[in-house]
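Next comes run-v5.txt, a file with compact mmCIF, C-alpha atoms and all ligand atoms.
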# COMPACT_ATOMS: atom_id res chain seq x y z
CA MET A 1 -3.23 -20.76 3.65
CA VAL A 2 0.18 -19.98 5.19
CA GLU A 3 1.62 -16.59 4.29
CA GLY A 4 5.10 -15.07 4.13
CA GLU A 5 6.41 -12.52 6.65
CA GLN A 6 8.82 -9.67 5.91
CA ASN A 7 10.85 -7.85 8.54
CA TYR A 8 11.89 -4.24 7.89
CA PRO A 9 13.10 -1.68 10.43
CA TRP A 10 9.92 0.39 9.93
CA GLY A 11 7.66 -2.47 11.00
CA LYS A 12 5.77 -2.51 14.30
CA GLN A 13 7.29 -4.27 17.27
CA GLY A 14 6.23 -7.79 18.23
CA SER A 15 2.51 -8.32 18.79
CA LYS A 16 1.78 -4.61 18.18
CA SER A 17 2.08 -5.57 14.50
CA ALA A 18 -1.16 -6.73 12.89
CA ALA A 19 0.95 -8.43 10.20
CA ALA A 20 2.59 -10.56 12.91
CA ARG A 21 -0.64 -11.18 14.84
CA TYR A 22 -2.50 -12.37 11.74
CA ALA A 23 0.40 -14.60 10.67
CA ALA A 24 0.58 -16.11 14.16
CA THR A 25 -3.11 -17.07 14.25
CA THR A 26 -2.89 -19.45 11.31
CA PRO A 27 -3.20 -22.88 12.92
CA GLY A 28 -0.49 -25.45 12.39
CA THR A 29 2.35 -23.08 11.42
CA ASP A 30 5.58 -22.75 13.40
CA PHE A 31 5.47 -18.92 13.24
CA LYS A 32 5.83 -17.43 16.75
CA ILE A 33 5.97 -13.71 17.50
CA ASP A 34 9.29 -12.56 18.94
CA GLU A 35 8.56 -9.39 20.94
CA ASN A 36 12.03 -8.04 20.13
CA GLU A 37 11.51 -8.32 16.38
CA ARG A 38 9.83 -5.82 14.03
CA TYR A 39 7.20 -7.20 11.68
CA ALA A 40 6.43 -5.05 8.67
CA GLU A 41 4.59 -7.04 6.02
CA MET A 42 2.60 -10.21 5.51
CA TRP A 43 2.31 -11.19 1.83
CA MET A 44 -0.49 -13.33 0.44
CA GLY A 45 -0.32 -15.07 -2.92
CA THR A 46 2.25 -16.46 -5.28
CA TYR A 47 4.99 -13.86 -5.56
CA PRO A 48 8.09 -16.09 -5.74
CA THR A 49 10.19 -14.40 -3.04
CA THR A 50 7.46 -14.72 -0.40
CA PRO A 51 4.97 -17.35 -1.55
CA SER A 52 1.97 -18.75 0.29
CA TYR A 53 1.46 -22.44 1.04
CA VAL A 54 -1.67 -24.52 1.29
CA LEU A 55 -2.06 -25.33 4.98
CA ALA A 56 -3.56 -28.80 4.66
CA THR A 57 -0.99 -30.18 2.22
CA ASN A 58 2.04 -27.89 2.57
CA GLU A 59 2.02 -27.43 -1.21
CA LEU A 60 2.93 -24.09 -2.76
CA LEU A 61 -0.22 -22.25 -3.83
CA GLN A 62 1.54 -21.66 -7.15
CA ASP A 63 1.90 -25.42 -7.74
CA VAL A 64 -1.78 -26.00 -6.98
CA LEU A 65 -2.77 -23.21 -9.39
CA ASP A 66 -0.43 -24.55 -12.09
CA ALA A 67 -2.06 -27.96 -11.84
CA ASN A 68 -5.64 -26.59 -11.96
CA ARG A 69 -5.43 -23.40 -14.01
CA GLU A 70 -8.77 -23.44 -15.72
CA ALA A 71 -10.68 -24.64 -12.68
CA LEU A 72 -9.14 -22.18 -10.20
CA ILE A 73 -8.12 -19.14 -12.25
CA GLY A 74 -10.57 -19.49 -15.13
CA GLN A 75 -10.11 -18.95 -18.85
CA GLN A 76 -11.18 -15.30 -18.76
CA VAL A 77 -8.34 -14.27 -16.43
CA LEU A 78 -5.84 -16.65 -18.06
CA ASP A 79 -6.55 -14.93 -21.38
CA ARG A 80 -6.22 -11.44 -19.91
CA PHE A 81 -3.28 -11.82 -17.55
CA GLY A 82 -1.54 -15.14 -18.20
CA THR A 83 -0.92 -17.82 -15.64
CA ASP A 84 0.40 -15.78 -12.70
CA LEU A 85 -1.95 -14.25 -10.14
CA PRO A 86 -2.01 -10.62 -11.33
CA PHE A 87 -2.36 -9.13 -7.84
CA LEU A 88 -0.49 -9.19 -4.55
CA PRO A 89 -2.35 -8.43 -1.29
CA LYS A 90 -0.39 -7.66 1.86
CA ILE A 91 -0.90 -6.57 5.45
CA LEU A 92 1.45 -3.73 6.42
CA SER A 93 2.17 -2.62 9.99
CA MET A 94 4.15 0.61 10.15
CA SER A 95 5.65 2.35 13.15
CA LYS A 96 7.57 4.88 11.08
CA ALA A 97 7.75 6.22 7.54
CA LEU A 98 8.43 3.85 4.68
CA PRO A 99 10.79 5.10 1.97
CA LEU A 100 9.52 7.95 -0.20
CA GLN A 101 8.85 6.10 -3.41
CA LEU A 102 7.24 5.48 -6.75
CA HIS A 103 6.67 2.30 -8.70
CA PRO A 104 7.79 2.43 -12.34
CA ASN A 105 5.22 2.26 -15.14
CA ARG A 106 5.31 -0.68 -17.58
CA ASP A 107 7.70 0.96 -20.07
CA LEU A 108 10.24 1.93 -17.45
CA ALA A 109 9.82 -1.38 -15.59
CA ALA A 110 10.66 -3.28 -18.78
CA LYS A 111 13.74 -1.10 -19.39
CA LEU A 112 15.00 -1.34 -15.79
CA HIS A 113 14.40 -5.08 -15.71
CA LYS A 114 16.51 -5.50 -18.85
CA GLU A 115 19.34 -3.41 -17.38
CA ASP A 116 19.31 -4.83 -13.86
CA PRO A 117 17.04 -7.87 -13.46
CA GLU A 118 18.28 -8.55 -9.96
CA LYS A 119 17.22 -5.16 -8.58
CA TYR A 120 14.10 -4.77 -10.75
CA GLY A 121 12.61 -8.24 -10.82
CA ASP A 122 9.42 -7.36 -12.70
CA THR A 123 8.35 -5.91 -16.03
CA ASN A 124 4.95 -4.93 -14.70
CA HIS A 125 3.65 -1.62 -13.34
CA LYS A 126 2.38 -1.44 -9.78
CA PRO A 127 -0.66 0.66 -8.95
CA GLU A 128 -1.63 0.10 -5.33
CA ILE A 129 -4.34 0.73 -2.79
CA GLY A 130 -4.06 1.05 0.97
CA LEU A 131 -7.06 0.41 3.24
CA ALA A 132 -6.84 1.50 6.84
CA LEU A 133 -7.35 -1.13 9.55
CA SER A 134 -6.32 1.39 12.20
CA LYS A 135 -5.55 5.12 11.96
CA PHE A 136 -3.38 5.33 8.83
CA GLU A 137 -1.17 8.32 8.02
CA ALA A 138 0.19 8.76 4.52
CA PHE A 139 1.87 11.23 2.19
CA ALA A 140 0.49 10.79 -1.30
CA GLY A 141 0.28 12.82 -4.50
CA PHE A 142 1.17 16.48 -4.86
CA LYS A 143 -0.50 19.37 -3.06
CA GLN A 144 -2.34 22.09 -4.91
CA SER A 145 0.19 24.61 -6.21
CA LYS A 146 -1.20 27.46 -4.07
CA ASP A 147 -0.32 25.50 -0.92
CA ILE A 148 3.19 24.74 -2.16
CA MET A 149 3.65 28.37 -3.22
CA ALA A 150 2.57 29.57 0.23
CA LEU A 151 5.35 27.47 1.80
CA LEU A 152 7.95 28.62 -0.72
CA GLN A 153 7.36 32.21 0.47
CA LEU A 154 8.75 31.24 3.89
CA GLU A 155 12.27 32.51 4.50
CA PRO A 156 14.14 29.13 4.53
CA LEU A 157 12.58 28.15 1.17
CA LYS A 158 12.57 31.49 -0.67
CA GLU A 159 15.40 30.55 -3.01
CA HIS A 160 13.19 27.77 -4.43
CA LEU A 161 10.33 30.17 -5.22
CA PRO A 162 9.68 30.11 -8.98
CA GLU A 163 8.97 33.24 -10.97
CA GLY A 164 5.26 33.30 -11.71
CA ASP A 165 3.04 30.25 -11.18
CA LEU A 166 4.18 26.79 -10.18
CA THR A 167 3.78 24.78 -13.39
CA PRO A 168 4.11 20.96 -13.53
CA GLU A 169 7.60 21.54 -14.96
CA GLY A 170 8.36 23.91 -12.05
CA LEU A 171 7.15 21.30 -9.58
CA LYS A 172 9.46 18.76 -11.16
CA THR A 173 12.41 21.17 -10.82
CA LEU A 174 11.47 21.88 -7.21
CA CYS A 175 11.31 18.17 -6.31
CA SER A 176 14.53 17.43 -8.08
CA ASP A 177 16.29 20.38 -6.37
CA LEU A 178 15.02 19.40 -2.91
CA LEU A 179 16.05 15.77 -3.40
CA LYS A 180 19.54 16.76 -4.58
CA LEU A 181 20.30 19.22 -1.75
CA PRO A 182 23.38 18.30 0.29
CA GLU A 183 22.87 17.19 3.89
CA ASP A 184 23.97 20.45 5.53
CA LYS A 185 21.58 22.49 3.38
CA VAL A 186 18.69 20.11 4.17
CA GLY A 187 19.51 20.48 7.87
CA GLN A 188 19.53 24.29 7.61
CA ILE A 189 16.15 24.41 5.89
CA GLN A 190 14.61 22.01 8.41
CA SER A 191 15.84 23.97 11.40
CA GLY A 192 14.66 27.19 9.74
CA LEU A 193 11.19 25.71 9.18
CA ALA A 194 11.00 24.57 12.81
CA GLN A 195 11.47 28.15 14.00
CA ILE A 196 8.61 29.65 12.03
CA SER A 197 5.44 30.34 14.00
CA LYS A 198 2.32 28.26 13.62
CA SER A 199 0.28 31.19 12.32
CA GLU A 200 2.62 31.68 9.35
CA TYR A 201 1.86 28.12 8.23
CA GLY A 202 -1.91 28.74 8.23
CA HIS A 203 -3.82 25.52 7.48
CA GLN A 204 -0.50 23.73 6.89
CA ALA A 205 0.57 24.09 10.55
CA TYR A 206 0.57 20.27 10.84
CA ILE A 207 4.06 20.58 9.34
CA LEU A 208 5.34 21.77 12.72
CA ASP A 209 4.09 18.54 14.35
CA LEU A 210 5.38 16.22 11.66
CA LEU A 211 8.82 17.80 11.26
CA PRO A 212 10.26 16.66 14.64
CA ARG A 213 8.66 13.22 14.21
CA LEU A 214 10.32 12.68 10.83
CA GLN A 215 13.61 14.12 12.11
CA GLU A 216 13.60 11.60 14.93
CA GLN A 217 12.87 8.76 12.50
CA TYR A 218 15.33 9.63 9.72
CA SER A 219 17.67 12.41 11.04
CA ALA A 220 17.31 16.14 10.42
CA GLU A 221 19.09 15.85 7.07
CA ASP A 222 16.75 13.59 5.11
CA ASN A 223 15.68 15.12 1.78
CA GLY A 224 12.49 13.05 1.89
CA THR A 225 11.19 15.16 4.80
CA LEU A 226 11.32 18.32 2.66
CA VAL A 227 9.53 16.79 -0.32
CA ALA A 228 6.89 15.14 1.88
CA LEU A 229 6.11 18.24 3.95
CA ILE A 230 6.38 20.90 1.25
CA CYS A 231 5.09 19.16 -1.87
CA MET A 232 2.89 16.21 -0.88
CA ASN A 233 -0.60 15.77 0.50
CA TYR A 234 -0.75 14.55 4.09
CA LEU A 235 -3.70 12.27 4.81
CA ILE A 236 -5.05 10.71 7.97
CA LEU A 237 -7.34 7.81 7.13
CA GLN A 238 -9.74 6.20 9.60
CA PRO A 239 -10.44 2.44 9.62
CA GLY A 240 -12.33 1.49 6.45
CA GLU A 241 -11.04 4.44 4.42
CA ALA A 242 -8.83 3.76 1.40
CA ILE A 243 -6.33 5.54 -0.78
CA TYR A 244 -5.34 4.78 -4.38
CA VAL A 245 -1.88 5.46 -5.82
CA PRO A 246 -1.69 5.03 -9.61
CA ALA A 247 1.49 3.77 -11.28
CA ASP A 248 4.11 6.61 -11.20
CA GLY A 249 2.39 8.25 -8.21
CA ILE A 250 4.60 9.63 -5.42
CA HIS A 251 3.84 8.25 -1.94
CA ALA A 252 5.25 7.47 1.48
CA TRP A 253 3.19 5.66 4.11
CA LEU A 254 3.82 7.01 7.60
CA SER A 255 2.05 4.90 10.22
CA GLY A 256 -0.74 2.42 10.86
CA ASP A 257 -1.93 -1.09 10.03
CA ILE A 258 -3.34 -1.47 6.53
CA VAL A 259 -4.46 -3.93 3.89
CA GLU A 260 -2.47 -3.15 0.78
CA CYS A 261 -3.16 -4.58 -2.64
CA MET A 262 -1.10 -4.02 -5.74
CA ALA A 263 -0.46 -5.34 -9.19
CA ARG A 264 2.01 -8.21 -9.16
CA SER A 265 5.34 -6.40 -9.00
CA ASP A 266 8.02 -5.62 -6.46
CA ASN A 267 9.70 -2.75 -8.36
CA VAL A 268 10.30 0.44 -6.46
CA LEU A 269 12.42 3.59 -6.71
CA ASN A 270 13.28 5.05 -3.27
CA VAL A 271 14.60 8.59 -2.80
CA GLY A 272 14.03 9.49 0.84
CA PHE A 273 13.32 8.12 4.33
CA CYS A 274 16.16 5.67 3.84
CA PRO A 275 19.97 5.86 4.07
CA ARG A 276 21.57 7.93 1.27
CA ALA A 277 23.41 4.86 0.02
CA ASP A 278 20.08 3.08 -0.58
CA ARG A 279 18.54 5.88 -2.64
CA ASP A 280 17.84 5.48 -6.32
CA ASN A 281 18.82 7.91 -9.04
CA ILE A 282 16.98 11.22 -8.51
CA ASP A 283 16.74 12.04 -12.25
CA LEU A 284 15.31 8.62 -13.01
CA PHE A 285 12.78 9.23 -10.22
CA THR A 286 11.73 12.73 -11.28
CA ASN A 287 11.66 11.81 -14.99
CA THR A 288 9.20 9.01 -14.21
CA LEU A 289 6.97 10.77 -11.71
CA THR A 290 3.58 12.16 -12.67
CA PHE A 291 3.55 15.84 -11.66
CA LYS A 292 -0.12 16.53 -11.20
CA ALA A 293 -1.64 18.21 -8.18
CA SER A 294 -4.48 16.33 -6.49
CA SER A 295 -6.76 17.50 -3.75
CA VAL A 296 -6.73 15.37 -0.60
CA GLN A 297 -10.26 14.24 -1.54
CA GLU A 298 -9.09 12.96 -4.91
CA MET A 299 -6.62 10.61 -3.23
CA TYR A 300 -9.40 8.68 -1.48
CA LEU A 301 -10.88 5.61 -3.11
CA GLN A 302 -14.58 5.37 -2.23
CA PRO A 303 -16.11 1.90 -2.25
CA VAL A 304 -19.30 1.17 -4.21
CA PRO A 305 -21.98 -1.40 -3.28
CA SER A 306 -20.93 -4.75 -4.77
CA ASP A 307 -23.29 -6.20 -7.37
CA LYS A 308 -22.15 -9.64 -6.15
CA SER A 309 -23.50 -9.08 -2.65
CA VAL A 310 -26.90 -10.68 -2.13
CA ARG A 311 -27.62 -8.91 1.19
CA GLY A 312 -25.72 -5.67 0.60
CA LYS A 313 -23.12 -6.33 3.30
CA THR A 314 -20.22 -6.29 0.84
CA VAL A 315 -18.70 -3.24 -0.83
CA ASP A 316 -16.23 -3.07 -3.70
CA TYR A 317 -13.09 -0.90 -3.96
CA ARG A 318 -12.43 -0.57 -7.70
CA PRO A 319 -9.26 1.33 -8.57
CA GLU A 320 -8.98 2.49 -12.19
CA LEU A 321 -6.31 0.94 -14.39
CA SER A 322 -5.33 -1.89 -12.12
CA GLU A 323 -5.31 -5.67 -12.15
CA PHE A 324 -7.46 -6.09 -9.08
CA ASN A 325 -10.49 -4.98 -7.09
CA LEU A 326 -11.07 -5.49 -3.41
CA LEU A 327 -14.27 -6.55 -1.66
CA LYS A 328 -14.99 -5.84 1.98
CA THR A 329 -17.69 -7.78 3.80
CA SER A 330 -18.78 -6.31 7.14
CA LEU A 331 -21.20 -8.24 9.37
CA ALA A 332 -22.65 -6.93 12.63
CA GLY A 333 -22.63 -10.14 14.71
CA PRO A 334 -24.29 -13.55 15.18
CA ASN A 335 -27.08 -14.27 12.63
CA ASP A 336 -25.82 -11.65 10.21
CA PHE A 337 -24.66 -13.08 6.88
CA ASP A 338 -23.94 -12.30 3.26
CA ILE A 339 -23.78 -14.35 0.10
CA VAL A 340 -21.24 -13.29 -2.50
CA SER A 341 -22.10 -14.63 -5.93
CA PRO A 342 -19.42 -16.31 -8.07
CA ILE A 343 -16.46 -14.25 -9.31
CA GLN A 344 -15.09 -15.21 -12.74
CA GLY A 345 -11.52 -15.19 -11.51
CA PRO A 346 -9.20 -16.02 -8.60
CA SER A 347 -9.39 -14.29 -5.22
CA ILE A 348 -7.56 -14.15 -1.89
CA MET A 349 -9.46 -13.46 1.29
CA ILE A 350 -8.26 -12.41 4.75
CA VAL A 351 -10.31 -12.16 7.92
CA THR A 352 -9.23 -8.96 9.68
CA LYS A 353 -11.77 -9.13 12.50
CA GLY A 354 -14.00 -11.75 14.14
CA LYS A 355 -15.16 -15.31 13.60
CA ALA A 356 -17.56 -16.82 11.09
CA ARG A 357 -18.60 -19.88 9.12
CA LEU A 358 -18.03 -20.00 5.40
CA THR A 359 -19.92 -22.22 3.00
CA ALA A 360 -18.37 -22.54 -0.44
CA ALA A 361 -20.47 -23.62 -3.45
CA GLY A 362 -23.31 -24.61 -1.09
CA LYS A 363 -21.44 -27.58 0.37
CA GLN A 364 -17.91 -27.11 1.69
CA VAL A 365 -18.00 -25.58 5.19
CA VAL A 366 -14.96 -24.02 6.90
CA ASP A 367 -14.42 -21.87 9.98
CA LEU A 368 -13.13 -18.32 9.61
CA ASP A 369 -11.05 -16.66 12.31
CA GLU A 370 -9.09 -13.43 12.61
CA GLY A 371 -5.92 -13.54 10.53
CA TRP A 372 -6.88 -16.59 8.49
CA VAL A 373 -6.26 -16.41 4.76
CA PHE A 374 -8.07 -18.32 2.01
CA PHE A 375 -7.74 -18.72 -1.72
CA VAL A 376 -11.15 -18.89 -3.40
CA GLY A 377 -11.17 -20.27 -6.94
CA GLN A 378 -13.18 -18.78 -9.80
CA GLY A 379 -16.87 -19.52 -10.13
CA VAL A 380 -17.52 -20.30 -6.47
CA GLU A 381 -20.41 -18.76 -4.56
CA ILE A 382 -19.62 -18.16 -0.89
CA LYS A 383 -21.89 -17.62 2.09
CA ILE A 384 -20.39 -16.03 5.19
CA GLU A 385 -22.30 -16.36 8.47
CA ALA A 386 -20.92 -14.29 11.34
CA ARG A 387 -20.36 -15.66 14.83
CA THR A 388 -19.11 -12.29 16.07
CA GLU A 389 -18.71 -8.88 14.49
CA LEU A 390 -16.80 -9.65 11.32
CA GLU A 391 -14.65 -7.95 8.69
CA VAL A 392 -13.28 -9.78 5.65
CA TYR A 393 -11.25 -8.36 2.74
CA ARG A 394 -11.02 -10.17 -0.57
CA ALA A 395 -8.76 -9.20 -3.48
CA TYR A 396 -9.98 -10.46 -6.84
CA VAL A 397 -9.82 -10.04 -10.57
CA GLU A 398 -12.13 -11.20 -13.35
ZN ZN B 1 4.45 1.75 -2.72
Can you turn what I pasted into structure tokens?
Amino acid sequence: MVEGEQNYPWGKQGSKSAAARYAATTPGTDFKIDENERYAEMWMGTYPTTPSYVLATNELLQDVLDANREALIGQQVLDRFGTDLPFLPKILSMSKALPLQLHPNRDLAAKLHKEDPEKYGDTNHKPEIGLALSKFEAFAGFKQSKDIMALLQLEPLKEHLPEGDLTPEGLKTLCSDLLKLPEDKVGQIQSGLAQISKSEYGHQAYILDLLPRLQEQYSAEDNGTLVALICMNYLILQPGEAIYVPADGIHAWLSGDIVECMARSDNVLNVGFCPRADRDNIDLFTNTLTFKASSVQEMYLQPVPSDKSVRGKTVDYRPELSEFNLLKTSLAGPNDFDIVSPIQGPSIMIVTKGKARLTAAGKQVVDLDEGWVFFVGQGVEIKIEARTELEVYRAYVE
């Protein structure tokens, strides 16, 4: 399959970007990496702005699915989700923070789409997962209130200290206030925070390392920096670890190469780590957000052994309340293999490491190589035999 590339200023440069490297390996495409360009995202699937093509025939994947719905998608998924692929997998390569954001829930998405269909192209919600291919840094969810309260005791933030405990309503007010602060006030607080000693931050001393990094990326007057450092969990994920952001969850990815999978939607509200002119309405943002503290551990999505894996080499990431799951097959090297029994729905597979041979439905044999992307129709058993150490991700629904 041939995938779509997206360039954003936060993408990694040239061949440092896994999104660009994977896209460039697909044989027979005219995509060449320009070392002066930044490559942020590679999209896989049928989303109309950045659709995938079938390599052998140059047909749009969407057209092939439309012509063979029952055979490729299957009645079960057609009944549940309609004729569009309900998920959208991507590779993201980030050299700096992406906008501080949330994705509207279904009710708000429908309302926004009605008011401004050009800006909000979808009526769907968009829960998402991010799986680290390299070290992956992220801000996601809200910290425990005791950690936020400890920071609000610091001199530059004292005026935001609530009376009594920090309730969900208080957290909402705090976020809204921080996001609405004028530039000069944001600058003052940031320079005040930079002057406080490490010991006063206790276990949150990482803030002193992240503050200058974010200031360099988005100026010393970006409101997003305050919300991210004061209110949000900061996570460092190692390759293979994953994070789940439910619909309405606050998040901002900071660095790394990841596999991302989300429900089919491109709606987003951005309020920080982007120019002021590009920011969405703060009240709309804070009225939509879920204000619930989560521990760092709660943000992780732990895989479970897949019941479709014959040899136990495939695990399943199963986010709650979403239109997709994600399988990961890991093989040690030559002679190692796994058989994944048929899935009753469509799936998209990307090889993120190594080479292998794939046998579909016991007869059709294809080579797998790093960066290659395949659509696998419903009801097809696949056998993957490694030629080298191998890692394959596969988004699916059934
Ligand atoms: Zn997002």
Near Gly141 of chain A, within 12 Å and counting only C-alpha atoms, which residues show up once chain neighbours fewer than 3 positions away are dropped, as JSON, numbers by chain? {"A": [100, 101, 102, 138, 144, 145, 227, 228, 229, 230, 231, 232, 233, 234, 235, 243, 244, 245, 246, 247, 248, 249, 250, 251, 252, 253, 289, 290, 291, 292, 293, 294, 295, 296, 297, 298, 299, 300]}
Selection near Gln153 of chain A, 12 Å with only C-alpha atoms, sequence-local residues under 4 positions removed, as number ranges by chain: A: 146-149, 157-163, 193, 196, 200-201, 230
Give me the segment 58-130 of chain A side of the contact with segment 256-271 of chain A, cut-off 10 Å, one line per residue showing its nearest atom pair and distance in Å at one decimal, counting all atoms listed in the file, sorted by chain and residue number, as CSV.
residue,atom,partner,partner_atom,distance
A:Asp84,CA,A:Arg264,CA,8.5
A:Leu85,CA,A:Arg264,CA,7.3
A:Pro86,CA,A:Arg264,CA,5.2
A:Phe87,CA,A:Ala263,CA,4.4
A:Leu88,CA,A:Arg264,CA,5.3
A:Pro89,CA,A:Cys261,CA,4.2
A:Lys90,CA,A:Glu260,CA,5.1
A:Ile91,CA,A:Val259,CA,4.7
A:Leu92,CA,A:Ile258,CA,5.3
A:Ser93,CA,A:Asp257,CA,4.4
A:Met94,CA,A:Gly256,CA,5.3
A:Ser95,CA,A:Gly256,CA,6.8
A:Lys96,CA,A:Gly256,CA,8.7
A:Ala97,CA,A:Gly256,CA,9.9
A:Leu98,CA,A:Asn270,CA,9.4
A:Pro99,CA,A:Asn270,CA,5.8
A:Leu100,CA,A:Asn270,CA,5.7
A:Gln101,CA,A:Asn270,CA,4.6
A:Leu102,CA,A:Leu269,CA,5.5
A:His103,CA,A:Val268,CA,4.7
A:Pro104,CA,A:Val268,CA,6.7
A:Asn105,CA,A:Asn267,CA,9.5
A:Ala109,CA,A:Asn267,CA,7.4
A:Leu112,CA,A:Asn267,CA,9.2
A:His113,CA,A:Asn267,CA,9.0
A:Lys119,CA,A:Asn267,CA,7.9
A:Tyr120,CA,A:Asn267,CA,5.4
A:Gly121,CA,A:Asn267,CA,6.7
A:Asp122,CA,A:Ser265,CA,5.6
A:Thr123,CA,A:Ser265,CA,7.7
A:Asn124,CA,A:Ser265,CA,5.9
A:His125,CA,A:Ser265,CA,6.7
A:Lys126,CA,A:Ala263,CA,4.9
A:Pro127,CA,A:Met262,CA,5.7
A:Glu128,CA,A:Met262,CA,4.2
A:Ile129,CA,A:Cys261,CA,5.4
A:Gly130,CA,A:Glu260,CA,4.5
Measure the distance from atom CA of Leu390 of chain A to atom CA of Glu41 of chain A in Å and round it to one decimal. 22.2 Å
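Distance annotation: of A:Asp177, A:Glu398, A:Glu5, A:Glu385, the residue with the minimal separation from Phe81 of chain A is A:Glu398; atom set is all atoms listed in the file.
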